[in-house]
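Below: one structure, written as structure tokens.
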Amino acid sequence: MADILLDVRGLVKTFGALRATDNVYLDIRAGETHAIIGPNGAGKTTLIGQLAGNIRPDAGGIHFDGEDITGLGASARARKGLARSFQITSIYREFTALDNVALAVQAHAGHSFRFWRPASKESTLRDPARTILHDLGLGDRADVQAANLAHGEQRQLEIAMVLATRPRMLLLDEPVAGMGVDESQRMVEFLSTLKGRQTIILVEHDMDAVFTLADRISVLVYGQVIASGTPEEIRANPEVRRAYLGEEAEA
Amino acid sequence: MLTRIRTIALVLGLASLAALPPVALALDEPFYIDLFRRFMIFAIAAVSLNLILGYGGMVSFGHAAYLGIGGYAVGILAYYGIDNGFLQWGVAIGASALVALVIGAVSIRTSGIYFIMITLAFTQMLYFLGISVEEYGGDDGMSLLTLSQFGEWLDLSDATTFYYLVLAILIAFMYIVHRLVNSRFGMVIRAAKSNEVRTRAIGFSPYPYKLVAFMIAGAMCGLAGALLVNHTAYLTPDFMHWTRSGEIMFMVILGGVGTTAGPLVGTVALLLLEDTLSAWTTHWQLFLGIFLVLVVLFAKRGLAGLLPGGKRNG
Amino acid sequence: MNFLVVLEQILNGLQFGVMLFLMAAGLTLVFGIMNLVNLAHGSLYMVGAYLATAAYQWTGSFPLAVVLALAGTLIVGMLVEVVTLRTLYERDHLDQVLATFGLILFFNELIAIIWGRSALYTSLPRYLEGHVELLSGLNYPVYRLLIIFVGLAVAGLLWYVVTRTRLGMLIRAGASNRTMVAALGVNIRLLYTIVFGFGAALAGLAGLLAGPIYTAQPGMGELILIQVFVVIVIGGIGSIRGALFGAVLVGMVDTLGRAFLKPMLATVISLEAAQTAGPALASMLIYVLMAVVLAIRPEGLFPSRG
């Protein structure tokens, strides 16, 4: 059991009468890419929000590397190495791409009560940021204001910021949503280079991406995990097929 | 480079301010020294507000509180016969920072409209405190019988000396704010303004940084208060009147938030407009009000937006 | 300090509280539904006070003056909404604060131009001038009782409108989901103008009731406005229930503090010190209350959902 990095026990979150998260158990092993799939409204984003510390669960606990982090807020969890991307791209739109990533580096480079020296002249912040941008193929876009980047580039930038925090686990909420075919293919390729080196929770609608990347998959329906297993097991699971067919019939 | 045009404009502006006293004296119009000294004192207050409002996104509607704290620190010490300027101004800065710490500690836990209303309410509290303490003049205020004394160093009763001191402090504060907002510290408060959720998600806790910024702004404005009471040689609770807070805020917006020169430009523009209107009609506030509404509706980025090199995104 | 004196001050506190409520209700509705910070809400209060005074002098009939003043503030409010505030709903709070600050300057000066800067005293019709004996030894002004009654009646009416009527349903839905309401075919612009006018009329009502007690004066609106902010911060923004609770609490604390803090202090410290500290502390009391509430519950006591 030593290799379980994130252990979710009996998580519950209700909004009024809606049980968005209904007694969820998950264990994420170190180094695996674990996809969470499910029809719209299954509670995937609510679950991610609770894992990242943006939403407080009503019951249950979350343990990260053996430590109970249920009571910690988002910034404290980020400092422990849980880094998330958002379904709707969340970046600093009026800063340059490089500033965005350098800020993420700065967040993990000790306290920021340094009042005088321009942060833009600090190579300990800028150099790692440049390297990460380069890795994501944004090297020559470093000085462009983030708002002026293409939509796909903005999504890549957010992943770059997440990586710049040197996370021990990534929580990616639909990283290829809204991307063109080429862009999304590049993103999947990039994420596959992280496989094995990073522990990743991947919430995604794009089944190609999921089956390419995931080591294991958990299926969330009406806030409950109805199945967990390897991609082959999930593909063969009749309950999963029913849940998805049900969704298609409604649509 | 468009930013170079702005830098040149700023340097030219400051150079004109530096050249003003000899010109005014040569033209036998010393009144202008007094006028622009007042402008610059308010510009210092606006520069300090710009740090938290323009760069930190903290819409403080109570910045006049620190003008009052700074003013009363000097006034009360002078009332008890302590007229050492270093001590007075030090107390003004320290007391303002302390009050900012208390107000900030409560208000920065909230955001948006709560923050606006709370900062306004606390300043109103200090205003009423000023009114109800009869010992220091209450509603009527009190005179500052002796100006702050700096021994052989400076003589504030000399209009030109005082003028250049204010100018030096203004330039120093503009430079300090410029350095602050580009440092690691400044990047955190700007990041929190730009996207608070993202800022937490990468691991920052913005609260202590915002609080320190709030204290620094309060301390700077406290010094402006100490200057103001020496300028007017009179002190009333009106230093802290809520309309004063609104004016300082408008100075920052008018000049363009989050720019180095914005607060200075906005202050001079607003006060010149006020002086012109009030010389023309006693009902000048009617027109000022209309002007304010029009600026908000139609000139979103303030006067700085009219200069080349402004940011494209408001 | 006997029981009757305390009771009288409690009634005064309640009267001040319902006044704050009339202001807070409109402000919190407008904020909750349109997400608009309206500093000029105090100006509408002032407009109500002046219109009532003028209309009373002109017609000689107090009830008629009340009706005219209410209609007047309703119209002024809707005009202000259509001409300026409508375009500010999508802007950030900073823009809203500045524009409505401009409106305050405008209205204060406009009133000064029309009626002058000095305070305007309003007389009451004879039938509202007297006192009633509530208990033996406690005579209380009829007019203040009337204010309490009107305030509580409005609170009940608001509760009914917001929770039980179609308009209230639209208001609540509009607060949580603009596009949904628009999709239902409701003219959301018109709805907003009506809600704003309604809030303005409430402020006008507070103002016209206040006129005879506190005198009408340019700038009168802002004094009460900032206290109303305290009410809303304590009660929770967007909540009518919070506004009522906060208003009565603030009204009581402020009134009782001003009445009894000095004599109470005098029993602990010297009379002379209490003479100085009493009024100073009393004037700070509601702000301290606000700080305490915020320290415990940053969202206020009754945070509204959504």
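Quick note on naming: the chains in the structure tokens go A, B, ... in the order shown, residues restart at 1 in each chain, and ligands are numbered from 1 in order of appearance.
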
Tell me, as a PyMOL selection string, which residues lie within 10 Å of Val142 of chain C, counting only C-alpha atoms; anything in the same chain fewer than 4 positions away does not count.
chain C and resi 127-133+146-147

Would you export the selected residues with N, CA and C atoms as an mmCIF file, in the first residue's frame, please?
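Writing done, so here's part_14.cif:
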data_model
loop_
_atom_site.group_PDB
_atom_site.id
_atom_site.type_symbol
_atom_site.label_atom_id
_atom_site.label_comp_id
_atom_site.auth_asym_id
_atom_site.auth_seq_id
_atom_site.Cartn_x
_atom_site.Cartn_y
_atom_site.Cartn_z
ATOM 1 N N TYR C 127 -52.342 66.129 14.196
ATOM 2 C CA TYR C 127 -52.725 64.802 14.666
ATOM 3 C C TYR C 127 -51.553 63.850 14.818
ATOM 4 N N LEU C 128 -50.369 64.251 14.307
ATOM 5 C CA LEU C 128 -49.201 63.382 14.500
ATOM 6 C C LEU C 128 -48.233 63.955 15.518
ATOM 7 N N GLU C 129 -48.574 65.120 16.081
ATOM 8 C CA GLU C 129 -47.607 65.798 16.950
ATOM 9 C C GLU C 129 -47.600 65.298 18.381
ATOM 10 N N GLY C 130 -48.707 64.703 18.804
ATOM 11 C CA GLY C 130 -48.852 64.408 20.219
ATOM 12 C C GLY C 130 -48.079 63.192 20.693
ATOM 13 N N HIS C 131 -48.372 62.847 21.945
ATOM 14 C CA HIS C 131 -47.775 61.658 22.547
ATOM 15 C C HIS C 131 -48.895 60.714 22.946
ATOM 16 N N VAL C 132 -48.574 59.432 23.012
ATOM 17 C CA VAL C 132 -49.531 58.500 23.609
ATOM 18 C C VAL C 132 -48.908 57.916 24.865
ATOM 19 N N GLU C 133 -49.749 57.637 25.803
ATOM 20 C CA GLU C 133 -49.249 57.045 27.045
ATOM 21 C C GLU C 133 -49.245 55.531 26.887
ATOM 22 N N LEU C 146 -45.617 55.680 14.633
ATOM 23 C CA LEU C 146 -46.053 55.505 13.259
ATOM 24 C C LEU C 146 -44.907 54.968 12.393
ATOM 25 N N ILE C 147 -43.709 55.516 12.606
ATOM 26 C CA ILE C 147 -42.545 55.059 11.825
ATOM 27 C C ILE C 147 -42.302 53.574 12.073
#

What are the nearest atom pairs, with distances in Å to one decimal, for all residues of chain A that come at most 9 Å from chain B, using only C-alpha atoms, set out by chain and rising residue number as CSV?
residue,atom,partner,partner_atom,distance
A:Ala52,CA,B:Ala201,CA,7.9
A:Gly53,CA,B:Ala201,CA,8.8
A:Asn54,CA,B:Val197,CA,8.5
A:Gly73,CA,B:Arg200,CA,8.6
A:Ala74,CA,B:Ala201,CA,5.8
A:Ser75,CA,B:Gly203,CA,4.2
A:Ala76,CA,B:Gly203,CA,6.3
A:Arg77,CA,B:Gly203,CA,7.3
A:Ala78,CA,B:Gly203,CA,4.6
A:Arg79,CA,B:Gly203,CA,5.0
A:Lys80,CA,B:Gly203,CA,8.5
A:Gly81,CA,B:Gly203,CA,8.7
A:Leu82,CA,B:Ala201,CA,8.7
A:Ala83,CA,B:Ile202,CA,6.6
A:Arg84,CA,B:Ala201,CA,6.7
A:Ser85,CA,B:Ala201,CA,8.4
A:Phe86,CA,B:Arg198,CA,8.9
A:Ser90,CA,B:Arg198,CA,6.0
A:Ile91,CA,B:Arg198,CA,6.5
A:Tyr92,CA,B:Ser194,CA,5.9
A:Arg93,CA,B:Ser194,CA,7.4
A:Glu94,CA,B:Asn313,CA,7.4
A:Phe95,CA,B:Ala191,CA,8.7
A:Asp99,CA,B:Met187,CA,9.0
A:Asn100,CA,B:Ala191,CA,8.8
A:Leu103,CA,B:Met187,CA,7.4
A:Ala104,CA,B:Ile202,CA,5.7
A:Val105,CA,B:Ile202,CA,8.7
A:Gln106,CA,B:Arg184,CA,7.6
A:Ala107,CA,B:Gly203,CA,5.6
A:His108,CA,B:Gly203,CA,7.2
A:His111,CA,B:Phe185,CA,8.9
A:Ser112,CA,B:Phe185,CA,5.2
A:Phe113,CA,B:Phe185,CA,5.3
A:Arg114,CA,B:Phe185,CA,5.5
A:Phe115,CA,B:Leu180,CA,5.3
A:Trp116,CA,B:Ser183,CA,5.5
A:Arg117,CA,B:Ser183,CA,5.3
A:Pro118,CA,B:Ser183,CA,4.3
A:Ala119,CA,B:Ser183,CA,4.8
A:Ser120,CA,B:Asn182,CA,7.5
A:Ala147,CA,B:Asn313,CA,8.8
A:Met161,CA,B:Ile202,CA,7.6
A:Val162,CA,B:Ile202,CA,7.0
A:Ala164,CA,B:Ile202,CA,8.8
A:Thr165,CA,B:Ile202,CA,6.5

Generate the output file for the selected residues, C-alpha atoms, as a compact mmCIF listing (two decimals), in the first residue's frame.
# COMPACT_ATOMS: atom_id res chain seq x y z
CA ALA A 52 -7.69 20.47 -4.99
CA GLY A 53 -9.18 22.21 -1.96
CA ASN A 54 -11.47 24.66 -3.75
CA GLY A 73 -7.21 25.04 1.59
CA ALA A 74 -6.21 25.21 -2.05
CA SER A 75 -2.97 27.10 -1.56
CA ALA A 76 -1.73 24.83 1.22
CA ARG A 77 -2.45 21.76 -0.92
CA ALA A 78 -0.67 23.34 -3.86
CA ARG A 79 2.36 23.82 -1.64
CA LYS A 80 2.22 20.14 -0.74
CA GLY A 81 2.41 19.30 -4.43
CA LEU A 82 -1.18 18.98 -5.63
CA ALA A 83 -1.50 21.16 -8.71
CA ARG A 84 -4.61 21.60 -10.79
CA SER A 85 -5.74 22.92 -14.13
CA PHE A 86 -9.25 24.21 -14.59
CA SER A 90 -7.34 29.94 -15.59
CA ILE A 91 -4.28 32.05 -16.30
CA TYR A 92 -3.13 35.65 -15.76
CA ARG A 93 -4.48 37.21 -18.91
CA GLU A 94 -2.72 40.56 -18.64
CA PHE A 95 0.73 39.08 -17.95
CA ASP A 99 5.41 35.99 -16.34
CA ASN A 100 2.62 33.46 -15.85
CA LEU A 103 4.87 33.25 -11.00
CA ALA A 104 4.20 29.56 -10.63
CA VAL A 105 7.92 28.99 -10.09
CA GLN A 106 8.00 31.84 -7.57
CA ALA A 107 5.14 30.29 -5.60
CA HIS A 108 7.46 27.41 -4.74
CA HIS A 111 8.37 33.40 0.66
CA SER A 112 7.79 36.37 -1.58
CA PHE A 113 8.44 39.18 0.88
CA ARG A 114 11.15 40.51 -1.41
CA PHE A 115 10.37 44.08 -2.13
CA TRP A 116 13.05 45.62 -4.26
CA ARG A 117 14.64 43.52 -6.97
CA PRO A 118 12.55 43.22 -10.16
CA ALA A 119 11.19 39.71 -10.44
CA SER A 120 11.72 39.90 -14.19
CA ALA A 147 -4.74 37.17 -23.44
CA MET A 161 2.09 26.76 -14.92
CA VAL A 162 0.91 23.58 -13.26
CA ALA A 164 6.23 24.83 -12.97
CA THR A 165 5.04 24.26 -9.41

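Using only C-alpha atoms, one finds that the residues of chain C close to chain B, at 7 Å or less, are His93, Leu94, Asp95, Leu98, Ala99, Gly102, Leu103, Leu105, Phe106, Glu109, Leu110, Ile226, Phe229, Val230, Val233, Thr276, Pro279, Ala280, Ser283, Met284, Tyr287, Ala291, Leu294, Ala295 and Pro298 of chain C.
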
Spatial neighbours of Leu17 of chain B, 10 Å, only C-alpha atoms, chain gap at least 6 places, as a PyMOL selection string:
chain B and resi 11+33+36-37+40+163-164+167

Residue subset to file, keeping N, CA and C atoms, as a JSON list (two decimals), in the first residue's frame:
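Contents of selection04.json, as written:
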[["chain", "number", "residue", "atom", "x", "y", "z"],
["B", 11, "VAL", "N", 9.03, 62.34, -17.09],
["B", 11, "VAL", "CA", 10.21, 63.11, -16.72],
["B", 11, "VAL", "C", 9.98, 64.59, -16.98],
["B", 33, "ILE", "N", 3.17, 78.27, -5.96],
["B", 33, "ILE", "CA", 3.97, 77.33, -5.17],
["B", 33, "ILE", "C", 3.06, 76.61, -4.18],
["B", 36, "PHE", "N", 0.52, 74.17, -6.12],
["B", 36, "PHE", "CA", 1.07, 72.90, -6.59],
["B", 36, "PHE", "C", 1.62, 72.04, -5.45],
["B", 37, "ARG", "N", 1.98, 72.70, -4.34],
["B", 37, "ARG", "CA", 2.38, 71.92, -3.17],
["B", 37, "ARG", "C", 1.17, 71.10, -2.70],
["B", 40, "MET", "N", 0.61, 68.23, -5.02],
["B", 40, "MET", "CA", 1.56, 67.13, -4.88],
["B", 40, "MET", "C", 1.31, 66.32, -3.62],
["B", 163, "TYR", "N", 8.11, 73.11, -0.56],
["B", 163, "TYR", "CA", 7.70, 72.63, -1.88],
["B", 163, "TYR", "C", 8.62, 71.53, -2.38],
["B", 164, "TYR", "N", 9.94, 71.80, -2.28],
["B", 164, "TYR", "CA", 10.87, 70.80, -2.81],
["B", 164, "TYR", "C", 10.88, 69.53, -1.97],
["B", 167, "LEU", "N", 8.00, 67.58, -3.25],
["B", 167, "LEU", "CA", 8.32, 67.02, -4.56],
["B", 167, "LEU", "C", 9.25, 65.82, -4.42]]

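Here the helix (DSSP H, G or I) residues in segment 27-106 of chain A, by DSSP on the backbone, are Lys44, Thr45, Thr46, Leu47, Ile48, Gly49, Gln50, Leu51, Ala52, Ala74, Ser75, Ala76, Arg77, Ala78, Arg79, Lys80, Ala97, Leu98, Asp99, Asn100, Val101, Ala102, Leu103, Ala104, Val105 and Gln106 of chain A.
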
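The coordinates place atom CA of Lys121 of chain A at 29.3 Å from atom CA of Ala43 of chain B.
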
Quick one: residues within 12 Å of Leu202 of chain C, only C-alpha atoms, excluding same-chain residues fewer than 2 positions away - as a PyMOL selection string?
chain C and resi 18-30+41-42+44-49+66+69-74+77+150-151+154-155+157-158+195-200+204-209

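Distance-wise, atom CA of Arg258 of chain C and atom CA of Thr53 of chain C end up 28.2 Å apart.
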
Give me, as a list in words, all polymer residues having an atom no more than 8 Å from Pro263 of chain B, counting only C-alpha atoms and skipping those fewer than 5 positions away in the same chain.
Ala43, Ala46, Val47, Asn50, Met251, Val252, Ile253, Leu254, Gly255, Gly256 and Val257 of chain B

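Atom CA of Ile55 of chain A is found 22.5 Å from atom CA of Arg155 of chain A.
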